[in-house]
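Text of model36.cif (mmCIF, C-alpha atoms) as supplied:
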data_coords
loop_
_atom_site.label_atom_id
_atom_site.label_comp_id
_atom_site.auth_asym_id
_atom_site.auth_seq_id
_atom_site.Cartn_x
_atom_site.Cartn_y
_atom_site.Cartn_z
CA MET A 27 -45.70 17.00 -43.11
CA ALA A 28 -45.35 16.60 -39.37
CA SER A 29 -42.16 14.59 -39.71
CA VAL A 30 -40.64 17.12 -42.11
CA SER A 31 -41.46 19.90 -39.69
CA ALA A 32 -39.91 17.95 -36.80
CA GLN A 33 -36.83 17.23 -38.87
CA ILE A 34 -36.41 20.87 -39.82
CA LYS A 35 -36.80 21.95 -36.20
CA ARG A 36 -34.31 19.38 -35.03
CA GLY A 37 -31.87 20.15 -37.82
CA SER A 38 -31.98 23.90 -37.25
CA ALA A 39 -31.52 23.44 -33.50
CA GLU A 40 -28.52 21.19 -34.09
CA LEU A 41 -26.99 23.72 -36.47
CA ALA A 42 -27.52 26.58 -34.01
CA VAL A 43 -25.97 24.75 -31.07
CA LEU A 44 -23.01 23.32 -33.00
CA THR A 45 -22.29 26.74 -34.55
CA LEU A 46 -22.21 28.40 -31.13
CA LEU A 47 -19.97 25.70 -29.69
CA ALA A 48 -17.62 26.02 -32.65
CA ALA A 49 -16.83 29.55 -31.45
CA SER A 50 -16.20 28.72 -27.78
CA PRO A 51 -17.09 26.18 -25.06
CA LEU A 52 -20.34 27.06 -23.30
CA HIS A 53 -22.54 25.62 -20.56
CA GLY A 54 -26.21 24.78 -21.10
CA TYR A 55 -27.73 28.01 -19.77
CA GLU A 56 -25.26 30.11 -21.77
CA ILE A 57 -26.15 28.22 -24.95
CA ALA A 58 -29.87 28.85 -24.40
CA LYS A 59 -29.34 32.54 -23.58
CA ARG A 60 -27.00 33.14 -26.51
CA ILE A 61 -29.39 31.56 -28.99
CA GLU A 62 -32.29 33.56 -27.61
CA SER A 63 -30.42 36.88 -27.61
CA GLU A 64 -28.72 36.42 -30.98
CA THR A 65 -32.03 35.57 -32.69
CA ASP A 66 -33.96 38.33 -30.89
CA GLY A 67 -36.01 35.71 -29.12
CA VAL A 68 -37.17 34.00 -32.31
CA LEU A 69 -35.39 30.77 -31.33
CA ARG A 70 -35.76 29.67 -27.73
CA PHE A 71 -34.45 26.58 -26.04
CA ASP A 72 -35.79 25.23 -22.81
CA ILE A 73 -34.31 22.46 -20.68
CA ALA A 74 -36.37 19.80 -22.44
CA SER A 75 -35.13 20.67 -25.90
CA LEU A 76 -31.54 21.58 -25.11
CA TYR A 77 -30.18 18.88 -22.82
CA PRO A 78 -31.34 15.76 -24.68
CA MET A 79 -29.65 17.25 -27.74
CA LEU A 80 -26.43 17.92 -25.85
CA TYR A 81 -26.45 14.38 -24.44
CA ARG A 82 -27.01 13.02 -27.93
CA PHE A 83 -24.10 15.05 -29.28
CA GLU A 84 -21.98 13.76 -26.43
CA ARG A 85 -22.88 10.15 -27.21
CA LYS A 86 -21.92 10.72 -30.82
CA ALA A 87 -18.66 12.31 -29.61
CA TRP A 88 -19.48 15.58 -31.39
CA VAL A 89 -19.04 17.47 -28.12
CA LYS A 90 -17.10 16.84 -24.95
CA ALA A 91 -18.49 17.98 -21.60
CA GLU A 92 -16.26 18.98 -18.71
CA TRP A 93 -16.85 20.64 -15.34
CA GLN A 94 -15.18 24.03 -15.37
CA THR A 95 -14.87 26.76 -12.77
CA LEU A 96 -16.16 30.03 -14.17
CA ALA A 97 -14.85 33.52 -13.46
CA ASN A 98 -17.52 33.92 -10.75
CA GLY A 99 -16.17 30.83 -8.98
CA ARG A 100 -19.12 28.61 -9.88
CA ARG A 101 -18.66 25.22 -11.46
CA ARG A 102 -20.59 24.54 -14.62
CA ARG A 103 -20.58 21.70 -17.10
CA CYS A 104 -19.23 23.22 -20.29
CA TYR A 105 -19.57 21.70 -23.75
CA ARG A 106 -16.75 21.92 -26.24
CA LEU A 107 -16.96 20.95 -29.92
CA THR A 108 -14.67 18.02 -30.78
CA PRO A 109 -12.86 17.63 -34.11
CA LEU A 110 -15.54 15.08 -35.05
CA GLY A 111 -18.27 17.63 -34.23
CA ARG A 112 -16.48 20.23 -36.31
CA LYS A 113 -16.44 17.74 -39.16
CA GLN A 114 -20.22 17.27 -38.82
CA LEU A 115 -20.85 21.00 -38.78
CA ALA A 116 -19.38 21.73 -42.21
CA PRO A 117 -21.81 19.59 -44.27
CA LEU A 118 -24.70 20.63 -42.01
CA ARG A 119 -23.97 24.29 -42.76
CA GLU A 120 -23.75 23.56 -46.45
CA GLN A 121 -27.08 21.69 -46.43
CA TRP A 122 -28.81 24.59 -44.71
CA ARG A 123 -27.20 27.14 -47.03
CA ALA A 124 -28.52 25.15 -50.00
CA PHE A 125 -31.91 24.87 -48.32
CA PHE A 126 -32.18 28.64 -47.74
CA ARG A 127 -30.97 29.39 -51.26
CA ALA A 128 -33.64 27.08 -52.70
CA PHE A 129 -36.24 28.62 -50.43
CA GLN A 130 -35.26 32.13 -51.50
CA ASN A 131 -35.57 31.13 -55.14
CA ILE A 132 -39.09 29.86 -54.61
CA THR A 133 -40.49 32.48 -52.28
CA GLY A 134 -38.55 35.50 -53.39
CA PHE A 135 -37.64 36.23 -49.76
CA GLN A 136 -34.38 38.08 -49.30
CA ASN A 137 -32.05 37.37 -46.40
CA ALA A 138 -34.20 34.46 -45.36
CA MET B 67 -31.44 30.39 -2.17
CA PRO B 68 -34.03 27.79 -3.27
CA ASP B 69 -32.96 24.15 -3.37
CA TRP B 70 -32.86 23.57 -7.11
CA HIS B 71 -31.53 20.04 -6.71
CA GLN B 72 -34.65 19.08 -4.82
CA ILE B 73 -36.88 20.59 -7.50
CA VAL B 74 -35.06 18.65 -10.21
CA ARG B 75 -35.22 15.40 -8.24
CA ARG B 76 -38.92 15.88 -7.49
CA ASN B 77 -39.77 16.42 -11.15
CA LEU B 78 -37.35 13.92 -12.64
CA ARG B 79 -37.91 10.73 -10.63
CA VAL B 80 -37.10 8.77 -13.77
CA LEU B 81 -33.44 9.45 -12.96
CA LYS B 82 -33.66 6.85 -10.18
CA ALA B 83 -33.73 4.23 -12.92
CA CYS B 84 -30.54 5.61 -14.51
CA SER B 85 -26.98 4.95 -13.45
CA PRO B 86 -26.04 6.94 -10.31
CA GLU B 87 -23.32 8.84 -12.20
CA PHE B 88 -25.71 9.91 -14.96
CA ALA B 89 -28.44 10.82 -12.45
CA GLU B 90 -26.03 12.88 -10.36
CA ARG B 91 -24.61 14.65 -13.37
CA VAL B 92 -28.03 15.50 -14.84
CA THR B 93 -29.38 16.66 -11.46
CA GLN B 94 -26.38 18.92 -10.89
CA GLU B 95 -26.43 20.30 -14.42
CA LEU B 96 -30.16 21.05 -14.44
CA ALA B 97 -30.02 22.55 -10.93
CA ASP B 98 -27.24 24.85 -12.17
CA HIS B 99 -29.39 25.77 -15.16
CA LEU B 100 -32.36 26.64 -12.92
CA GLU B 101 -30.12 28.67 -10.63
CA ASP B 102 -28.84 30.69 -13.60
CA LEU B 103 -32.38 31.11 -14.90
CA TYR B 104 -33.58 32.37 -11.50
CA GLU B 105 -30.70 34.82 -11.23
CA GLY B 106 -31.39 35.99 -14.79
CA TYR B 107 -34.92 36.92 -13.73
CA LEU B 108 -33.58 38.72 -10.65
CA ARG B 109 -31.14 40.67 -12.83
CA ALA B 110 -34.02 41.60 -15.11
CA GLY B 111 -35.62 43.33 -12.12
CA LEU B 112 -38.21 40.77 -11.03
CA THR B 113 -38.81 40.19 -7.34
CA GLU B 114 -37.45 37.08 -5.65
CA GLU B 115 -40.92 35.63 -5.33
CA ILE B 116 -41.86 36.14 -8.97
CA SER B 117 -38.44 34.96 -10.17
CA PHE B 118 -38.77 31.81 -8.10
CA GLN B 119 -42.30 31.14 -9.31
CA ARG B 120 -41.35 31.65 -12.97
CA THR B 121 -38.34 29.39 -12.66
CA VAL B 122 -40.35 26.67 -10.95
CA ASP B 123 -43.16 26.91 -13.51
CA GLU B 124 -40.68 26.66 -16.36
CA ALA B 125 -38.84 23.84 -14.63
CA GLU B 126 -41.97 21.80 -14.02
CA LEU B 127 -43.11 22.12 -17.60
CA SER B 128 -39.68 21.48 -19.12
CA LEU B 129 -38.74 18.65 -16.80
CA THR B 130 -41.92 16.74 -17.63
CA THR B 131 -41.07 16.92 -21.33
CA LEU B 132 -37.42 16.15 -20.59
CA LYS B 133 -38.48 13.04 -18.66
CA LEU B 134 -40.29 11.73 -21.73
CA ARG B 135 -37.32 12.49 -23.97
CA LEU B 136 -34.86 10.83 -21.60
CA LEU B 137 -37.08 7.77 -21.53
CA LYS B 138 -37.35 7.83 -25.30
CA GLU B 139 -33.77 8.28 -26.34
CA ASP B 140 -31.28 8.67 -23.54
CA HIS B 141 -32.33 6.49 -20.71
CA MET B 142 -32.40 3.13 -22.39
CA ASN B 143 -29.00 1.74 -23.09
CA GLY B 144 -28.01 1.13 -26.69
CA PHE B 145 -28.39 -2.64 -26.74
CA THR B 146 -31.91 -2.55 -25.32
CA ARG B 147 -32.97 0.02 -27.89
CA ARG B 148 -31.21 -1.48 -30.89
CA VAL B 149 -31.67 -5.21 -30.26
CA GLY B 150 -33.75 -5.96 -27.14
CA LEU B 151 -36.97 -4.12 -27.94
CA PRO B 152 -36.98 -4.85 -31.70
CA GLY B 153 -36.23 -8.49 -30.81
CA LEU B 154 -39.14 -8.64 -28.38
CA LEU B 155 -41.48 -7.16 -30.97
CA THR B 156 -40.24 -9.71 -33.52
CA PHE B 157 -40.90 -12.47 -31.00
CA ALA B 158 -44.37 -11.10 -30.22
CA SER B 159 -45.27 -10.90 -33.92
CA ALA B 160 -44.00 -14.45 -34.56
CA MET B 161 -46.04 -15.75 -31.62
CA ALA B 162 -49.10 -13.82 -32.78
CA ILE B 163 -48.87 -15.47 -36.21
CA ALA B 164 -48.46 -18.88 -34.57
CA TRP B 165 -51.53 -18.21 -32.45
CA VAL B 166 -53.60 -17.14 -35.47
CA LEU B 167 -52.54 -20.26 -37.40
CA ASP B 168 -53.42 -22.45 -34.42
CA PHE B 169 -56.77 -20.67 -34.15
CA ALA B 170 -57.35 -21.36 -37.85
CA ARG B 171 -56.46 -25.02 -37.18
CA ILE B 172 -53.44 -24.93 -39.48
CA GLN B 173 -51.31 -27.52 -37.72
CA PRO B 174 -47.57 -28.19 -38.17
CA ARG B 175 -46.60 -31.13 -40.33
CA THR B 176 -45.34 -34.01 -38.24
CA ILE B 177 -42.73 -36.40 -39.58
CA TRP B 178 -42.56 -39.53 -37.46
CA LEU B 179 -39.14 -41.06 -36.94
CA SER B 180 -38.08 -44.24 -35.16
CA ASN B 181 -38.51 -44.80 -31.38
CA GLY B 182 -41.54 -42.52 -31.20
CA LEU B 183 -39.47 -39.46 -32.05
CA PHE B 184 -40.91 -36.92 -34.45
CA LEU B 185 -39.94 -33.74 -36.27
CA SER B 186 -42.49 -30.97 -36.15
CA LEU B 187 -42.49 -28.68 -39.20
CA PRO B 188 -44.81 -25.65 -39.02
CA THR B 189 -44.35 -24.94 -42.72
CA VAL B 190 -47.01 -22.22 -43.04
CA TRP B 191 -45.52 -20.44 -40.03
CA PHE B 192 -42.05 -20.74 -41.56
CA CYS B 193 -43.37 -19.14 -44.76
CA LEU B 194 -44.69 -16.13 -42.81
CA LEU B 195 -41.65 -15.71 -40.55
CA PRO B 196 -39.64 -13.60 -43.05
CA LEU B 197 -42.15 -10.81 -42.38
CA CYS B 198 -41.27 -10.93 -38.66
CA GLY B 199 -37.55 -11.03 -39.43
CA ALA B 200 -37.87 -8.00 -41.69
CA LEU B 201 -39.85 -6.19 -38.98
CA GLY B 202 -37.13 -6.83 -36.38
CA ALA B 203 -34.35 -5.70 -38.71
CA ILE B 204 -36.20 -2.54 -39.77
CA LEU B 205 -37.03 -1.58 -36.17
CA SER B 206 -33.44 -2.15 -35.11
CA ARG B 207 -32.03 -0.10 -38.00
CA ARG B 208 -34.49 2.72 -37.26
CA GLN B 209 -33.06 2.83 -33.74
CA GLY B 210 -29.58 3.29 -35.14
CA GLY B 211 -28.62 -0.38 -35.02
CA SER B 212 -25.96 -1.88 -37.27
CA ARG B 213 -26.64 -4.63 -39.79
CA LEU B 214 -25.53 -7.16 -37.16
CA ASP B 215 -27.94 -5.63 -34.60
CA GLY B 216 -30.73 -5.99 -37.17
CA MET B 217 -29.86 -9.65 -37.72
CA MET B 218 -29.77 -10.28 -33.97
CA ALA B 219 -33.16 -8.62 -33.49
CA ALA B 220 -34.57 -10.68 -36.36
CA VAL B 221 -33.32 -14.00 -35.05
CA PHE B 222 -34.45 -13.24 -31.48
CA PRO B 223 -37.55 -15.55 -31.55
CA ALA B 224 -35.41 -18.53 -32.62
CA ALA B 225 -32.92 -17.77 -29.85
CA VAL B 226 -35.67 -17.56 -27.24
CA MET B 227 -37.20 -20.86 -28.33
CA GLY B 228 -33.79 -22.52 -28.38
CA ILE B 229 -33.11 -21.33 -24.84
CA VAL B 230 -36.54 -22.47 -23.65
CA LEU B 231 -35.98 -25.94 -25.11
CA LEU B 232 -32.59 -26.17 -23.40
CA LEU B 233 -34.13 -25.07 -20.10
CA ILE B 234 -36.87 -27.71 -20.43
CA PHE B 235 -34.19 -30.32 -21.11
CA VAL B 236 -32.12 -29.31 -18.07
CA ALA B 237 -35.23 -29.07 -15.87
CA GLY B 238 -36.37 -32.54 -17.00
CA TRP B 239 -32.99 -34.01 -16.21
CA ALA B 240 -32.86 -32.22 -12.83
CA ILE B 241 -36.32 -33.53 -11.89
CA SER B 242 -35.25 -37.06 -12.84
CA LEU B 243 -32.50 -36.87 -10.21
CA PHE B 244 -35.03 -36.38 -7.42
CA VAL B 245 -38.09 -38.28 -8.62
CA ASN B 246 -37.96 -42.05 -8.79
CA ASP B 247 -39.39 -43.72 -11.91
CA TYR B 248 -39.52 -40.39 -13.70
CA GLY B 249 -38.59 -42.18 -16.89
CA TRP B 250 -35.68 -40.02 -18.02
CA ASN B 251 -34.07 -41.75 -20.97
CA TRP B 252 -30.93 -40.19 -22.41
CA ALA B 253 -31.34 -42.20 -25.60
CA LEU B 254 -34.66 -40.44 -26.22
CA ALA B 255 -34.07 -37.09 -24.50
CA VAL B 256 -30.97 -36.09 -26.44
CA PRO B 257 -32.35 -36.84 -29.93
CA GLY B 258 -35.63 -35.22 -28.83
CA LEU B 259 -33.77 -32.08 -27.85
CA ALA B 260 -31.82 -32.12 -31.11
CA LEU B 261 -35.03 -32.43 -33.15
CA GLY B 262 -36.70 -29.67 -31.14
CA LEU B 263 -33.72 -27.36 -31.64
CA ALA B 264 -33.64 -28.24 -35.33
CA SER B 265 -37.26 -27.29 -35.98
CA TYR B 266 -37.85 -24.47 -33.47
CA ALA B 267 -34.41 -22.84 -33.36
CA ILE B 268 -32.38 -23.58 -36.48
CA LEU B 269 -35.17 -23.94 -39.07
CA THR B 270 -36.98 -20.97 -37.48
CA ALA B 271 -33.87 -18.81 -37.68
CA ILE B 272 -33.50 -19.33 -41.43
CA PRO B 273 -36.72 -17.57 -42.60
CA LEU B 274 -36.21 -14.86 -39.97
CA LEU B 275 -32.74 -14.15 -41.33
CA LEU B 276 -34.05 -14.26 -44.89
CA GLY B 277 -36.60 -11.58 -43.97
CA ALA B 278 -33.89 -9.44 -42.38
CA ALA B 279 -31.66 -9.86 -45.43
CA ALA B 280 -34.55 -8.93 -47.75
CA SER B 281 -35.24 -5.75 -45.75
CA GLU B 282 -31.55 -4.83 -45.96
CA ARG B 283 -31.59 -5.36 -49.69
CA ALA B 284 -34.77 -3.32 -50.12
CA LYS B 285 -33.18 -0.54 -48.09
CA ARG B 286 -30.06 -0.53 -50.29
CA ILE B 287 -32.14 -0.50 -53.48
CA SER B 288 -34.36 2.36 -52.28
CA ALA B 289 -31.27 4.32 -51.20
CA ARG B 290 -29.78 3.84 -54.67
CA LEU B 291 -33.02 5.03 -56.31
CA VAL B 292 -33.17 8.15 -54.11
#
Using structure tokens, write down the structure from this file.
Amino acid sequence: MASVSAQIKRGSAELAVLTLLAASPLHGYEIAKRIESETDGVLRFDIASLYPMLYRFERKAWVKAEWQTLANGRRRRCYRLTPLGRKQLAPLREQWRAFFRAFQNITGFQNA
Amino acid sequence: MPDWHQIVRRNLRVLKACSPEFAERVTQELADHLEDLYEGYLRAGLTEEISFQRTVDEAELSLTTLKLRLLKEDHMNGFTRRVGLPGLLTFASAMAIAWVLDFARIQPRTIWLSNGLFLSLPTVWFCLLPLCGALGAILSRRQGGSRLDGMMAAVFPAAVMGIVLLLIFVAGWAISLFVNDYGWNWALAVPGLALGLASYAILTAIPLLLGAAASERAKRISARLV
């Protein structure tokens, strides 16, 4: 069970980050804040969980990281989804949609 | 403003073992993250002291976990992870089996040839080596290695023994240059090396590769069944 739980956690985190980056390039802190605020604090990323994932995505060429100067003049390393990353996101979304649908059918939860 | 770079460096000494570019990039990126976190607490109305303390507490906890994750998946380069470590474990398991067989007094078969030369055939060890080959291939594949990486990890013990035999040969020849009456005889040394390579490199590689191939086949069959 532990491995399933770890896989689910990892898979959901990957989906959350890739979905955010599909909308616009973001730097690490922004990604963590956006996930926290958009899930009302249910999902939280700290440094230890976020950056290894981003580096892994970068190695797989799913994201590209570039130093960018923000509106406040600060430089931050921003992550942008690549076409390959976008390609990975589609089946990932579909898998999770199927997973939630199956879960709803079993538990009777709505809007799970 | 606190020195976030220093806090990152203090808690992430493992970066010293990484390439300078990677270490610099990670340090800068994490320091930026801590700076944003600190300012977020200030914006939320916390005092400078409390904001600093919270950020440092979070950093120390997170960076310790991050260190372990970097060591586990990011720090080691791909070849080490996919071939080097599985290969070493394959080698260790093959040597462990050899040691157990020796302990149980199961000796290699010796085939005597002319001129005092002999071919050593550890047949029981050869029969058990496919297990080691399969282990190396499975470990390599679990680390994201290709089929070729798996084969290389599996055949690692044979490669090591081949290299050791070559080194012994070169060392023996080098010593003969400096020591009189050392007794170096090309007519014996070269066939001896060839026989050693045949039994401990080539014949050893075959069962290891068979084990790796069997694990690949098992993987394909189980994937088809799933």
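Excluding Leu41 in chain A and any residue on its chain fewer than 2 positions from it, the residues at most 10 Å away by all atoms listed in the file are Lys35, Arg36, Gly37, Ser38, Ala39, Val43, Leu44, Thr45, Leu46, Leu47, Gln114, Leu115, Ala116, Leu118, Arg119 and Trp122 of chain A.
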If the box runs along x, y and z of the file and leaves 6 Å on each side of range 39-42 of chain A, what are its centre and edge lengths in Å, one decimal, as JSON?
{"center_x": -29.3, "center_y": 23.9, "center_z": -35.0, "size_x": 16.5, "size_y": 17.4, "size_z": 15.0}
Range 104-116 of chain B surroundings by only C-alpha atoms, 10 Å radius, close-in-sequence under 6 positions cut, as a VMD selection string: (chain A and resid 59) or (chain B and resid 67 to 68 70 98 122)
Enumerate as a list in words the residues belonging to chain B that approach chain A to within 8 Å, with all atoms listed in the file taken into account.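 Listing them in order of chain and number gives Glu95, Leu96, Asp98, His99, Asp102, Leu103, Ala125, Ser128, Leu129, Thr130, Thr131, Leu132, Arg135, Leu136 and Asp140 of chain B.
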Tell me which protein, DNA and RNA residues are within 10 Å of Glu84 in chain A, counting only C-alpha atoms, leaving out same-chain ones fewer than 4 positions away, and put them as a PyMOL selection string. chain A and resi 78-80+88-91+105-108+111
Can you turn the PyMOL selection byres ((chain B and resi 183) around 10) into a concrete residue list for this file, as a list in words?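 With the shown file as input, the PyMOL selection byres ((chain B and resi 183) around 10) matches Ile177, Trp178, Leu179, Ser180, Asn181, Gly182, Phe184, Leu185, Ser186, Leu254, Ala255, Pro257, Gly258 and Leu261 of chain B.
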Point-to-point distance from CA of Val68 in chain A to CA of Glu124 in chain B, Å rounded to tenths: 17.9 Å
For the structure provided, state which residues fall under the PyMOL selection byres ((chain B and resi 204-206) around 10), and present them as a VMD selection string. chain B and resid 145 to 153 155 to 156 198 to 203 207 to 220 277 to 278 281 to 282 285
Just C-alpha atoms for this one: save the residues we selected as a tab-separated table (two decimals), in the frame of the given file.
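Saved result, result.tsv, follows:
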chain	number	residue	atom	x	y	z
B	145	PHE	CA	-28.39	-2.64	-26.74
B	146	THR	CA	-31.91	-2.55	-25.32
B	147	ARG	CA	-32.97	0.02	-27.89
B	148	ARG	CA	-31.21	-1.48	-30.89
B	149	VAL	CA	-31.67	-5.21	-30.26
B	150	GLY	CA	-33.75	-5.96	-27.14
B	151	LEU	CA	-36.97	-4.12	-27.94
B	152	PRO	CA	-36.98	-4.85	-31.70
B	153	GLY	CA	-36.23	-8.49	-30.81
B	155	LEU	CA	-41.48	-7.16	-30.97
B	156	THR	CA	-40.24	-9.71	-33.52
B	198	CYS	CA	-41.27	-10.93	-38.66
B	199	GLY	CA	-37.55	-11.03	-39.43
B	200	ALA	CA	-37.87	-8.00	-41.69
B	201	LEU	CA	-39.85	-6.19	-38.98
B	202	GLY	CA	-37.13	-6.83	-36.38
B	203	ALA	CA	-34.35	-5.70	-38.71
B	207	ARG	CA	-32.03	-0.10	-38.00
B	208	ARG	CA	-34.49	2.72	-37.26
B	209	GLN	CA	-33.06	2.83	-33.74
B	210	GLY	CA	-29.58	3.29	-35.14
B	211	GLY	CA	-28.62	-0.38	-35.02
B	212	SER	CA	-25.96	-1.88	-37.27
B	213	ARG	CA	-26.64	-4.63	-39.79
B	214	LEU	CA	-25.53	-7.16	-37.16
B	215	ASP	CA	-27.94	-5.63	-34.60
B	216	GLY	CA	-30.73	-5.99	-37.17
B	217	MET	CA	-29.86	-9.65	-37.72
B	218	MET	CA	-29.77	-10.28	-33.97
B	219	ALA	CA	-33.16	-8.62	-33.49
B	220	ALA	CA	-34.57	-10.68	-36.36
B	277	GLY	CA	-36.60	-11.58	-43.97
B	278	ALA	CA	-33.89	-9.44	-42.38
B	281	SER	CA	-35.24	-5.75	-45.75
B	282	GLU	CA	-31.55	-4.83	-45.96
B	285	LYS	CA	-33.18	-0.54	-48.09
Non-local contacts of Leu259 in chain B (9 Å; all atoms listed in the file; under 5 positions in same chain excluded) as a PDB file with C-alpha atoms, in the frame of the given file:
ATOM      1  CA  LEU B 231     -35.980 -25.940 -25.110  1.00  0.00           C
ATOM      2  CA  LEU B 232     -32.590 -26.170 -23.400  1.00  0.00           C
ATOM      3  CA  PHE B 235     -34.190 -30.320 -21.110  1.00  0.00           C
ATOM      4  CA  LEU B 254     -34.660 -40.440 -26.220  1.00  0.00           C
ATOM      5  CA  ALA B 264     -33.640 -28.240 -35.330  1.00  0.00           C
TER       6      ALA B 264
END
Hey, can you check how far CA of Gly99 in chain A sits from CA of Arg60 in chain A?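 Pair CA of Gly99 in chain A / CA of Arg60 in chain A returns 20.7 Å.
For the atom pair formed by CA of Glu87 in chain B and CA of Asn98 in chain A, the distance is 25.8 Å, given to one decimal.
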Any chance you could resolve the PyMOL selection byres ((chain B and resi 75) around 10) against this file and give the residues as a PyMOL selection string? chain B and resi 70-74+76-82+89-90+92-94+96-97+129
Output file for the selection above: C-alpha atoms, as a CSV table (one decimal), in the frame of the given file:
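Wrote it out as result32.csv, contents follow:
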chain,number,residue,atom,x,y,z
B,70,TRP,CA,-32.9,23.6,-7.1
B,71,HIS,CA,-31.5,20.0,-6.7
B,72,GLN,CA,-34.6,19.1,-4.8
B,73,ILE,CA,-36.9,20.6,-7.5
B,74,VAL,CA,-35.1,18.6,-10.2
B,76,ARG,CA,-38.9,15.9,-7.5
B,77,ASN,CA,-39.8,16.4,-11.2
B,78,LEU,CA,-37.4,13.9,-12.6
B,79,ARG,CA,-37.9,10.7,-10.6
B,80,VAL,CA,-37.1,8.8,-13.8
B,81,LEU,CA,-33.4,9.4,-13.0
B,82,LYS,CA,-33.7,6.8,-10.2
B,89,ALA,CA,-28.4,10.8,-12.4
B,90,GLU,CA,-26.0,12.9,-10.4
B,92,VAL,CA,-28.0,15.5,-14.8
B,93,THR,CA,-29.4,16.7,-11.5
B,94,GLN,CA,-26.4,18.9,-10.9
B,96,LEU,CA,-30.2,21.0,-14.4
B,97,ALA,CA,-30.0,22.6,-10.9
B,129,LEU,CA,-38.7,18.6,-16.8
Considering only C-alpha atoms, return as a PyMOL selection string whatever protein or nucleic-acid residues lie within 12 Å of Tyr248 in chain B, sequence-local ones (same chain, fewer than 6 positions apart) excluded. chain B and resi 238-242
Please rebuild range 108-119 of chain A with N, CA, C and O atoms and give the result as a PDB file, in the frame of the given file.
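Saved file out_5.pdb follows:
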ATOM      1  N   THR A 108     -15.838  18.878 -30.502  1.00  0.00           N
ATOM      2  CA  THR A 108     -14.670  18.020 -30.780  1.00  0.00           C
ATOM      3  C   THR A 108     -14.324  18.131 -32.269  1.00  0.00           C
ATOM      4  O   THR A 108     -15.130  18.631 -33.059  1.00  0.00           O
ATOM      5  N   PRO A 109     -13.178  17.638 -32.668  1.00  0.00           N
ATOM      6  CA  PRO A 109     -12.860  17.630 -34.110  1.00  0.00           C
ATOM      7  C   PRO A 109     -13.921  16.892 -34.926  1.00  0.00           C
ATOM      8  O   PRO A 109     -14.270  17.313 -36.029  1.00  0.00           O
ATOM      9  N   LEU A 110     -14.488  15.824 -34.345  1.00  0.00           N
ATOM     10  CA  LEU A 110     -15.540  15.080 -35.050  1.00  0.00           C
ATOM     11  C   LEU A 110     -16.795  15.960 -35.211  1.00  0.00           C
ATOM     12  O   LEU A 110     -17.436  15.958 -36.272  1.00  0.00           O
ATOM     13  N   GLY A 111     -17.119  16.716 -34.171  1.00  0.00           N
ATOM     14  CA  GLY A 111     -18.270  17.630 -34.230  1.00  0.00           C
ATOM     15  C   GLY A 111     -18.056  18.708 -35.272  1.00  0.00           C
ATOM     16  O   GLY A 111     -18.979  19.081 -35.998  1.00  0.00           O
ATOM     17  N   ARG A 112     -16.817  19.197 -35.327  1.00  0.00           N
ATOM     18  CA  ARG A 112     -16.480  20.230 -36.310  1.00  0.00           C
ATOM     19  C   ARG A 112     -16.663  19.673 -37.735  1.00  0.00           C
ATOM     20  O   ARG A 112     -17.133  20.365 -38.630  1.00  0.00           O
ATOM     21  N   LYS A 113     -16.303  18.402 -37.863  1.00  0.00           N
ATOM     22  CA  LYS A 113     -16.440  17.740 -39.160  1.00  0.00           C
ATOM     23  C   LYS A 113     -17.917  17.615 -39.553  1.00  0.00           C
ATOM     24  O   LYS A 113     -18.269  17.701 -40.726  1.00  0.00           O
ATOM     25  N   GLN A 114     -18.782  17.396 -38.560  1.00  0.00           N
ATOM     26  CA  GLN A 114     -20.220  17.270 -38.820  1.00  0.00           C
ATOM     27  C   GLN A 114     -20.835  18.609 -39.191  1.00  0.00           C
ATOM     28  O   GLN A 114     -21.805  18.672 -39.938  1.00  0.00           O
ATOM     29  N   LEU A 115     -20.265  19.663 -38.607  1.00  0.00           N
ATOM     30  CA  LEU A 115     -20.850  21.000 -38.780  1.00  0.00           C
ATOM     31  C   LEU A 115     -20.739  21.488 -40.225  1.00  0.00           C
ATOM     32  O   LEU A 115     -21.682  22.098 -40.735  1.00  0.00           O
ATOM     33  N   ALA A 116     -19.614  21.206 -40.858  1.00  0.00           N
ATOM     34  CA  ALA A 116     -19.380  21.730 -42.210  1.00  0.00           C
ATOM     35  C   ALA A 116     -20.474  21.293 -43.205  1.00  0.00           C
ATOM     36  O   ALA A 116     -21.106  22.145 -43.835  1.00  0.00           O
ATOM     37  N   PRO A 117     -20.753  19.989 -43.336  1.00  0.00           N
ATOM     38  CA  PRO A 117     -21.810  19.590 -44.270  1.00  0.00           C
ATOM     39  C   PRO A 117     -23.199  20.065 -43.837  1.00  0.00           C
ATOM     40  O   PRO A 117     -24.047  20.378 -44.671  1.00  0.00           O
ATOM     41  N   LEU A 118     -23.404  20.154 -42.519  1.00  0.00           N
ATOM     42  CA  LEU A 118     -24.700  20.630 -42.010  1.00  0.00           C
ATOM     43  C   LEU A 118     -24.938  22.073 -42.442  1.00  0.00           C
ATOM     44  O   LEU A 118     -26.022  22.435 -42.895  1.00  0.00           O
ATOM     45  N   ARG A 119     -23.879  22.883 -42.322  1.00  0.00           N
ATOM     46  CA  ARG A 119     -23.970  24.290 -42.760  1.00  0.00           C
ATOM     47  C   ARG A 119     -24.274  24.362 -44.249  1.00  0.00           C
ATOM     48  O   ARG A 119     -25.105  25.159 -44.682  1.00  0.00           O
TER      49      ARG A 119
END
